[in-house]
>>> print(open('structure38.cif').read())   # mmCIF, N, CA and C atoms
data_input
loop_
_atom_site.label_atom_id
_atom_site.label_comp_id
_atom_site.auth_asym_id
_atom_site.auth_seq_id
_atom_site.Cartn_x
_atom_site.Cartn_y
_atom_site.Cartn_z
N MET A 1 0.32 -49.84 -4.13
CA MET A 1 1.41 -48.90 -3.94
C MET A 1 0.87 -47.51 -4.24
N ASN A 2 1.08 -46.55 -3.34
CA ASN A 2 0.61 -45.20 -3.61
C ASN A 2 1.69 -44.39 -4.31
N GLU A 3 1.33 -43.18 -4.73
CA GLU A 3 2.24 -42.37 -5.53
C GLU A 3 3.48 -41.93 -4.76
N ASP A 4 3.43 -41.89 -3.44
CA ASP A 4 4.56 -41.43 -2.65
C ASP A 4 5.64 -42.49 -2.49
N GLU A 5 5.29 -43.73 -2.73
CA GLU A 5 6.27 -44.81 -2.61
C GLU A 5 7.12 -44.91 -3.86
N GLU A 6 8.40 -45.20 -3.67
CA GLU A 6 9.27 -45.41 -4.82
C GLU A 6 9.02 -46.77 -5.42
N ARG A 7 9.09 -46.85 -6.75
CA ARG A 7 8.98 -48.12 -7.44
C ARG A 7 10.26 -48.91 -7.18
N PRO A 8 10.15 -50.22 -7.01
CA PRO A 8 11.36 -51.03 -6.85
C PRO A 8 12.10 -51.15 -8.18
N VAL A 9 13.35 -51.52 -8.10
CA VAL A 9 14.13 -51.79 -9.30
C VAL A 9 13.67 -53.12 -9.87
N THR A 10 13.36 -53.12 -11.15
CA THR A 10 12.95 -54.32 -11.86
C THR A 10 14.17 -54.94 -12.53
N ILE A 11 14.26 -56.26 -12.49
CA ILE A 11 15.31 -56.97 -13.21
C ILE A 11 14.64 -57.88 -14.25
N ILE A 12 15.20 -57.86 -15.45
CA ILE A 12 14.74 -58.71 -16.54
C ILE A 12 15.93 -59.54 -16.99
N THR A 13 15.74 -60.84 -17.14
CA THR A 13 16.81 -61.72 -17.59
C THR A 13 16.47 -62.32 -18.94
N GLY A 14 17.49 -62.68 -19.69
CA GLY A 14 17.27 -63.30 -20.99
C GLY A 14 18.56 -63.44 -21.77
N ARG A 15 18.41 -63.42 -23.10
CA ARG A 15 19.55 -63.53 -24.02
C ARG A 15 19.39 -62.49 -25.11
N VAL A 16 20.53 -62.03 -25.63
CA VAL A 16 20.53 -61.04 -26.71
C VAL A 16 21.53 -61.46 -27.79
N TRP A 17 21.30 -60.94 -29.00
CA TRP A 17 22.18 -61.20 -30.13
C TRP A 17 22.49 -59.87 -30.80
N ARG A 18 23.76 -59.64 -31.10
CA ARG A 18 24.17 -58.42 -31.83
C ARG A 18 23.70 -58.49 -33.28
N ARG A 19 23.70 -59.72 -33.85
CA ARG A 19 23.19 -59.90 -35.21
C ARG A 19 22.39 -61.18 -35.25
N LYS A 20 21.41 -61.20 -36.14
CA LYS A 20 20.55 -62.38 -36.25
C LYS A 20 21.39 -63.60 -36.59
N GLY A 21 21.18 -64.68 -35.86
CA GLY A 21 21.93 -65.91 -36.09
C GLY A 21 23.33 -65.90 -35.50
N GLY A 22 23.70 -64.82 -34.83
CA GLY A 22 25.02 -64.72 -34.23
C GLY A 22 25.10 -65.43 -32.89
N ARG A 23 26.16 -65.14 -32.18
CA ARG A 23 26.39 -65.74 -30.86
C ARG A 23 25.52 -65.05 -29.81
N ALA A 24 24.85 -65.83 -28.99
CA ALA A 24 24.00 -65.29 -27.93
C ALA A 24 24.84 -64.87 -26.74
N GLU A 25 24.38 -63.83 -26.06
CA GLU A 25 24.95 -63.38 -24.80
C GLU A 25 23.83 -63.39 -23.77
N GLY A 26 24.15 -63.73 -22.53
CA GLY A 26 23.18 -63.58 -21.47
C GLY A 26 23.02 -62.11 -21.15
N VAL A 27 21.86 -61.72 -20.63
CA VAL A 27 21.63 -60.32 -20.31
C VAL A 27 20.81 -60.20 -19.03
N HIS A 28 21.18 -59.24 -18.22
CA HIS A 28 20.38 -58.79 -17.08
C HIS A 28 20.14 -57.30 -17.31
N LEU A 29 18.90 -56.89 -17.28
CA LEU A 29 18.55 -55.48 -17.42
C LEU A 29 17.93 -55.02 -16.13
N MET A 30 18.34 -53.85 -15.64
CA MET A 30 17.77 -53.28 -14.43
C MET A 30 17.24 -51.90 -14.74
N LEU A 31 16.02 -51.63 -14.27
CA LEU A 31 15.39 -50.34 -14.51
C LEU A 31 14.24 -50.14 -13.54
N VAL A 32 13.74 -48.92 -13.50
CA VAL A 32 12.55 -48.61 -12.71
C VAL A 32 11.46 -48.22 -13.71
N ALA A 33 10.30 -48.84 -13.59
CA ALA A 33 9.18 -48.58 -14.49
C ALA A 33 7.88 -48.73 -13.71
N PRO A 34 6.81 -48.10 -14.20
CA PRO A 34 5.54 -48.16 -13.47
C PRO A 34 4.87 -49.53 -13.48
N ASP A 35 5.19 -50.37 -14.49
CA ASP A 35 4.58 -51.70 -14.57
C ASP A 35 5.46 -52.59 -15.46
N ASP A 36 5.14 -53.88 -15.48
CA ASP A 36 5.95 -54.83 -16.24
C ASP A 36 5.96 -54.55 -17.73
N ASP A 37 4.81 -54.18 -18.29
CA ASP A 37 4.75 -53.88 -19.73
C ASP A 37 5.67 -52.72 -20.09
N SER A 38 5.64 -51.68 -19.29
CA SER A 38 6.51 -50.52 -19.53
C SER A 38 7.98 -50.91 -19.38
N ALA A 39 8.27 -51.76 -18.40
CA ALA A 39 9.65 -52.21 -18.18
C ALA A 39 10.16 -52.97 -19.40
N VAL A 40 9.37 -53.89 -19.92
CA VAL A 40 9.78 -54.67 -21.09
C VAL A 40 9.97 -53.75 -22.30
N ARG A 41 9.06 -52.82 -22.50
CA ARG A 41 9.15 -51.90 -23.63
C ARG A 41 10.43 -51.06 -23.54
N ARG A 42 10.70 -50.49 -22.36
CA ARG A 42 11.93 -49.69 -22.18
C ARG A 42 13.17 -50.54 -22.36
N ALA A 43 13.15 -51.77 -21.86
CA ALA A 43 14.29 -52.66 -22.00
C ALA A 43 14.59 -52.95 -23.47
N LEU A 44 13.54 -53.29 -24.23
CA LEU A 44 13.74 -53.59 -25.65
C LEU A 44 14.20 -52.36 -26.42
N GLU A 45 13.67 -51.20 -26.11
CA GLU A 45 14.11 -49.96 -26.77
C GLU A 45 15.58 -49.68 -26.46
N SER A 46 15.99 -49.91 -25.23
CA SER A 46 17.39 -49.67 -24.85
C SER A 46 18.33 -50.66 -25.53
N LEU A 47 17.91 -51.92 -25.62
CA LEU A 47 18.74 -52.91 -26.32
C LEU A 47 18.89 -52.55 -27.79
N ALA A 48 17.82 -52.13 -28.43
CA ALA A 48 17.89 -51.73 -29.84
C ALA A 48 18.82 -50.53 -30.00
N ALA A 49 18.73 -49.57 -29.09
CA ALA A 49 19.58 -48.38 -29.16
C ALA A 49 21.06 -48.73 -28.99
N GLU A 50 21.34 -49.83 -28.28
CA GLU A 50 22.73 -50.28 -28.08
C GLU A 50 23.21 -51.20 -29.20
N GLY A 51 22.36 -51.44 -30.21
CA GLY A 51 22.79 -52.22 -31.37
C GLY A 51 22.46 -53.70 -31.34
N TYR A 52 21.62 -54.13 -30.43
CA TYR A 52 21.23 -55.54 -30.39
C TYR A 52 20.12 -55.78 -31.40
N ALA A 53 20.28 -56.82 -32.22
CA ALA A 53 19.32 -57.13 -33.27
C ALA A 53 18.16 -57.97 -32.77
N GLU A 54 18.43 -58.83 -31.78
CA GLU A 54 17.39 -59.72 -31.25
C GLU A 54 17.52 -59.82 -29.74
N ALA A 55 16.38 -60.08 -29.10
CA ALA A 55 16.36 -60.30 -27.66
C ALA A 55 15.30 -61.34 -27.34
N GLU A 56 15.62 -62.19 -26.39
CA GLU A 56 14.67 -63.17 -25.88
C GLU A 56 14.66 -62.99 -24.36
N LEU A 57 13.58 -62.42 -23.84
CA LEU A 57 13.49 -62.14 -22.42
C LEU A 57 12.76 -63.28 -21.73
N ASP A 58 13.36 -63.77 -20.64
CA ASP A 58 12.84 -64.95 -19.96
C ASP A 58 12.04 -64.66 -18.69
N GLN A 59 12.59 -63.80 -17.83
CA GLN A 59 11.96 -63.56 -16.53
C GLN A 59 12.00 -62.08 -16.20
N ILE A 60 11.01 -61.67 -15.43
CA ILE A 60 10.95 -60.29 -14.93
C ILE A 60 10.52 -60.35 -13.48
N GLY A 61 11.10 -59.48 -12.66
CA GLY A 61 10.73 -59.43 -11.26
C GLY A 61 11.32 -58.21 -10.60
N ASP A 62 10.92 -57.95 -9.37
CA ASP A 62 11.43 -56.82 -8.60
C ASP A 62 12.58 -57.28 -7.71
N MET A 63 13.59 -56.44 -7.61
CA MET A 63 14.73 -56.74 -6.75
C MET A 63 14.29 -56.64 -5.29
N ASP A 64 14.81 -57.56 -4.45
CA ASP A 64 14.49 -57.55 -3.02
C ASP A 64 15.35 -56.57 -2.24
N GLY A 65 16.49 -56.23 -2.79
CA GLY A 65 17.40 -55.33 -2.09
C GLY A 65 18.55 -54.96 -3.00
N THR A 66 19.49 -54.27 -2.44
CA THR A 66 20.66 -53.83 -3.19
C THR A 66 21.61 -55.00 -3.38
N PRO A 67 22.10 -55.23 -4.62
CA PRO A 67 23.07 -56.30 -4.85
C PRO A 67 24.38 -56.02 -4.11
N ASP A 68 25.10 -57.07 -3.79
CA ASP A 68 26.36 -56.93 -3.07
C ASP A 68 27.56 -56.72 -3.97
N ASP A 69 27.52 -57.26 -5.18
CA ASP A 69 28.71 -57.29 -6.02
C ASP A 69 28.52 -56.55 -7.33
N GLU A 70 29.65 -56.14 -7.90
CA GLU A 70 29.67 -55.54 -9.23
C GLU A 70 29.56 -56.64 -10.26
N PRO A 71 29.04 -56.42 -11.43
CA PRO A 71 28.56 -55.13 -11.95
C PRO A 71 27.12 -54.82 -11.57
N HIS A 72 26.47 -55.72 -10.85
CA HIS A 72 25.05 -55.52 -10.52
C HIS A 72 24.83 -54.34 -9.57
N LEU A 73 25.78 -54.08 -8.69
CA LEU A 73 25.64 -52.95 -7.77
C LEU A 73 25.57 -51.63 -8.54
N SER A 74 26.48 -51.43 -9.49
CA SER A 74 26.47 -50.20 -10.30
C SER A 74 25.22 -50.14 -11.17
N ALA A 75 24.81 -51.27 -11.72
CA ALA A 75 23.61 -51.32 -12.55
C ALA A 75 22.37 -50.94 -11.73
N TYR A 76 22.31 -51.42 -10.52
CA TYR A 76 21.20 -51.10 -9.62
C TYR A 76 21.15 -49.60 -9.36
N GLN A 77 22.32 -49.01 -9.07
CA GLN A 77 22.39 -47.57 -8.82
C GLN A 77 21.96 -46.79 -10.06
N GLY A 78 22.41 -47.23 -11.23
CA GLY A 78 22.00 -46.58 -12.47
C GLY A 78 20.49 -46.64 -12.67
N ALA A 79 19.90 -47.78 -12.35
CA ALA A 79 18.45 -47.92 -12.48
C ALA A 79 17.72 -46.95 -11.56
N LEU A 80 18.22 -46.78 -10.33
CA LEU A 80 17.61 -45.83 -9.40
C LEU A 80 17.70 -44.40 -9.92
N GLU A 81 18.72 -44.13 -10.75
CA GLU A 81 18.91 -42.80 -11.32
C GLU A 81 18.17 -42.62 -12.64
N GLY A 82 17.37 -43.62 -13.05
CA GLY A 82 16.55 -43.49 -14.24
C GLY A 82 17.09 -44.14 -15.49
N GLU A 83 18.23 -44.78 -15.41
CA GLU A 83 18.82 -45.46 -16.56
C GLU A 83 18.23 -46.86 -16.73
N VAL A 84 18.38 -47.39 -17.94
CA VAL A 84 18.17 -48.82 -18.16
C VAL A 84 19.56 -49.41 -18.18
N SER A 85 19.92 -50.15 -17.16
CA SER A 85 21.26 -50.73 -17.05
C SER A 85 21.28 -52.09 -17.70
N ILE A 86 22.29 -52.31 -18.56
CA ILE A 86 22.41 -53.56 -19.32
C ILE A 86 23.70 -54.25 -18.91
N ILE A 87 23.58 -55.47 -18.42
CA ILE A 87 24.74 -56.30 -18.10
C ILE A 87 24.70 -57.51 -19.02
N THR A 88 25.77 -57.72 -19.78
CA THR A 88 25.84 -58.90 -20.65
C THR A 88 26.95 -59.81 -20.16
N PHE A 89 26.82 -61.09 -20.48
CA PHE A 89 27.80 -62.09 -20.08
C PHE A 89 27.73 -63.27 -21.02
N ASP A 90 28.83 -64.01 -21.09
CA ASP A 90 28.87 -65.22 -21.94
C ASP A 90 27.96 -66.28 -21.38
N VAL A 91 27.31 -66.99 -22.28
CA VAL A 91 26.48 -68.14 -21.88
C VAL A 91 27.08 -69.39 -22.49
N PRO A 92 26.99 -70.52 -21.79
CA PRO A 92 27.53 -71.76 -22.34
C PRO A 92 26.81 -72.11 -23.64
N ARG A 93 27.54 -72.68 -24.56
CA ARG A 93 26.95 -73.07 -25.85
C ARG A 93 26.32 -74.41 -25.75
#
>>> encode(input="structure38.cif", output="structure tokens")
Amino acid sequence: MNEDEERPVTIITGRVWRRKGGRAEGVHLMLVAPDDDSAVRRALESLAAEGYAEAELDQIGDMDGTPDDEPHLSAYQGALEGEVSIITFDVPR
């Protein structure tokens, strides 16, 4: 990829906890970063800034296109604008 090309939006999936030993939430993070290591670092920094005590990241990859539905559509747009977008959801126990 040359410098003139835009980086794709990266999505990272996993689980987060507001407090150690607390209830887990699923998480999807969307952001633009120069490489996977930078993406993970920015994601973890953003989660800490939002008050998450722990994170377990499972998968990382580039988005193939724009999502069709909310909240992922807004998160994708935020990522294109330079934000780290965080989507949380309940996970089965």
>>> residues_around(input="structure38.cif", residues="Thr13 in chain A", least_positions_apart="6", cutoff="8 Å", atoms="all atoms listed in the file", output="ChimeraX atom specification")
/A:26-30,56-61
>>> closest_residue(input="structure38.cif", among="A:Asp64, A:Glu70, A:Glu54, A:Asp90", to="Gly21 in chain A", atoms="only N, CA and C atoms")
A:Glu54
>>> resolve_selection(input="structure38.cif", expression="the PyMOL selection byres (((chain A and resi 62 and name CA) around 7) and name CA)", output="PDB file with N, CA and C atoms, in the frame of the given file")
ATOM      1  N   PRO A   8      10.150 -50.220  -7.010  1.00  0.00           N
ATOM      2  CA  PRO A   8      11.360 -51.030  -6.850  1.00  0.00           C
ATOM      3  C   PRO A   8      12.100 -51.150  -8.180  1.00  0.00           C
ATOM      4  N   VAL A   9      13.350 -51.520  -8.100  1.00  0.00           N
ATOM      5  CA  VAL A   9      14.130 -51.790  -9.300  1.00  0.00           C
ATOM      6  C   VAL A   9      13.670 -53.120  -9.870  1.00  0.00           C
ATOM      7  N   THR A  10      13.360 -53.120 -11.150  1.00  0.00           N
ATOM      8  CA  THR A  10      12.950 -54.320 -11.860  1.00  0.00           C
ATOM      9  C   THR A  10      14.170 -54.940 -12.530  1.00  0.00           C
ATOM     10  N   ILE A  11      14.260 -56.260 -12.490  1.00  0.00           N
ATOM     11  CA  ILE A  11      15.310 -56.970 -13.210  1.00  0.00           C
ATOM     12  C   ILE A  11      14.640 -57.880 -14.250  1.00  0.00           C
ATOM     13  N   GLY A  61      11.100 -59.480 -12.660  1.00  0.00           N
ATOM     14  CA  GLY A  61      10.730 -59.430 -11.260  1.00  0.00           C
ATOM     15  C   GLY A  61      11.320 -58.210 -10.600  1.00  0.00           C
ATOM     16  N   MET A  63      13.590 -56.440  -7.610  1.00  0.00           N
ATOM     17  CA  MET A  63      14.730 -56.740  -6.750  1.00  0.00           C
ATOM     18  C   MET A  63      14.290 -56.640  -5.290  1.00  0.00           C
ATOM     19  N   ASP A  64      14.810 -57.560  -4.450  1.00  0.00           N
ATOM     20  CA  ASP A  64      14.490 -57.550  -3.020  1.00  0.00           C
ATOM     21  C   ASP A  64      15.350 -56.570  -2.240  1.00  0.00           C
TER      22      ASP A  64
END
>>> resolve_selection(input="structure38.cif", expression="the PyMOL selection byres ((chain A and resi 75) around 8)", output="PyMOL selection string")
chain A and resi 29-31+69-74+76-81+83-87
>>> residues_around(input="structure38.cif", residues="Trp17 in chain A", least_positions_apart="6", cutoff="7 Å", atoms="only C-alpha atoms", output="VMD selection string")
chain A and resid 23 to 25 52 to 55
>>> closest_residue(input="structure38.cif", among="A:Ile12, A:Arg19, A:Arg7, A:Pro92", to="Glu50 in chain A", atoms="only C-alpha atoms")
A:Arg19
>>> select_by_dssp(input="structure38.cif", residues="chain A", states="helix (DSSP H, G or I)", output="list in words")
Asp36, Asp37, Ser38, Ala39, Val40, Arg41, Arg42, Ala43, Leu44, Glu45, Ser46, Leu47, Ala48, Ala49, His72, Leu73, Ser74, Ala75, Tyr76, Gln77, Gly78, Ala79 and Leu80 of chain A
>>> atom_distance(input="structure38.cif", atom1="CA of Glu6 in chain A", atom2="atom N of Gly51 in chain A")
29.2 Å
>>> atom_distance(input="structure38.cif", atom1="atom N of Ala39 in chain A", atom2="atom C of Gly14 in chain A")
15.9 Å
>>> atom_distance(input="structure38.cif", atom1="atom N of Asp68 in chain A", atom2="atom C of Arg18 in chain A")
29.6 Å
>>> axis_aligned_box(input="structure38.cif", around="range 40-43 of chain A", padding_each_side="4 Å", output="JSON")
{"center_x": 11.8, "center_y": -52.2, "center_z": -21.8, "size_x": 13.5, "size_y": 13.0, "size_z": 11.7}
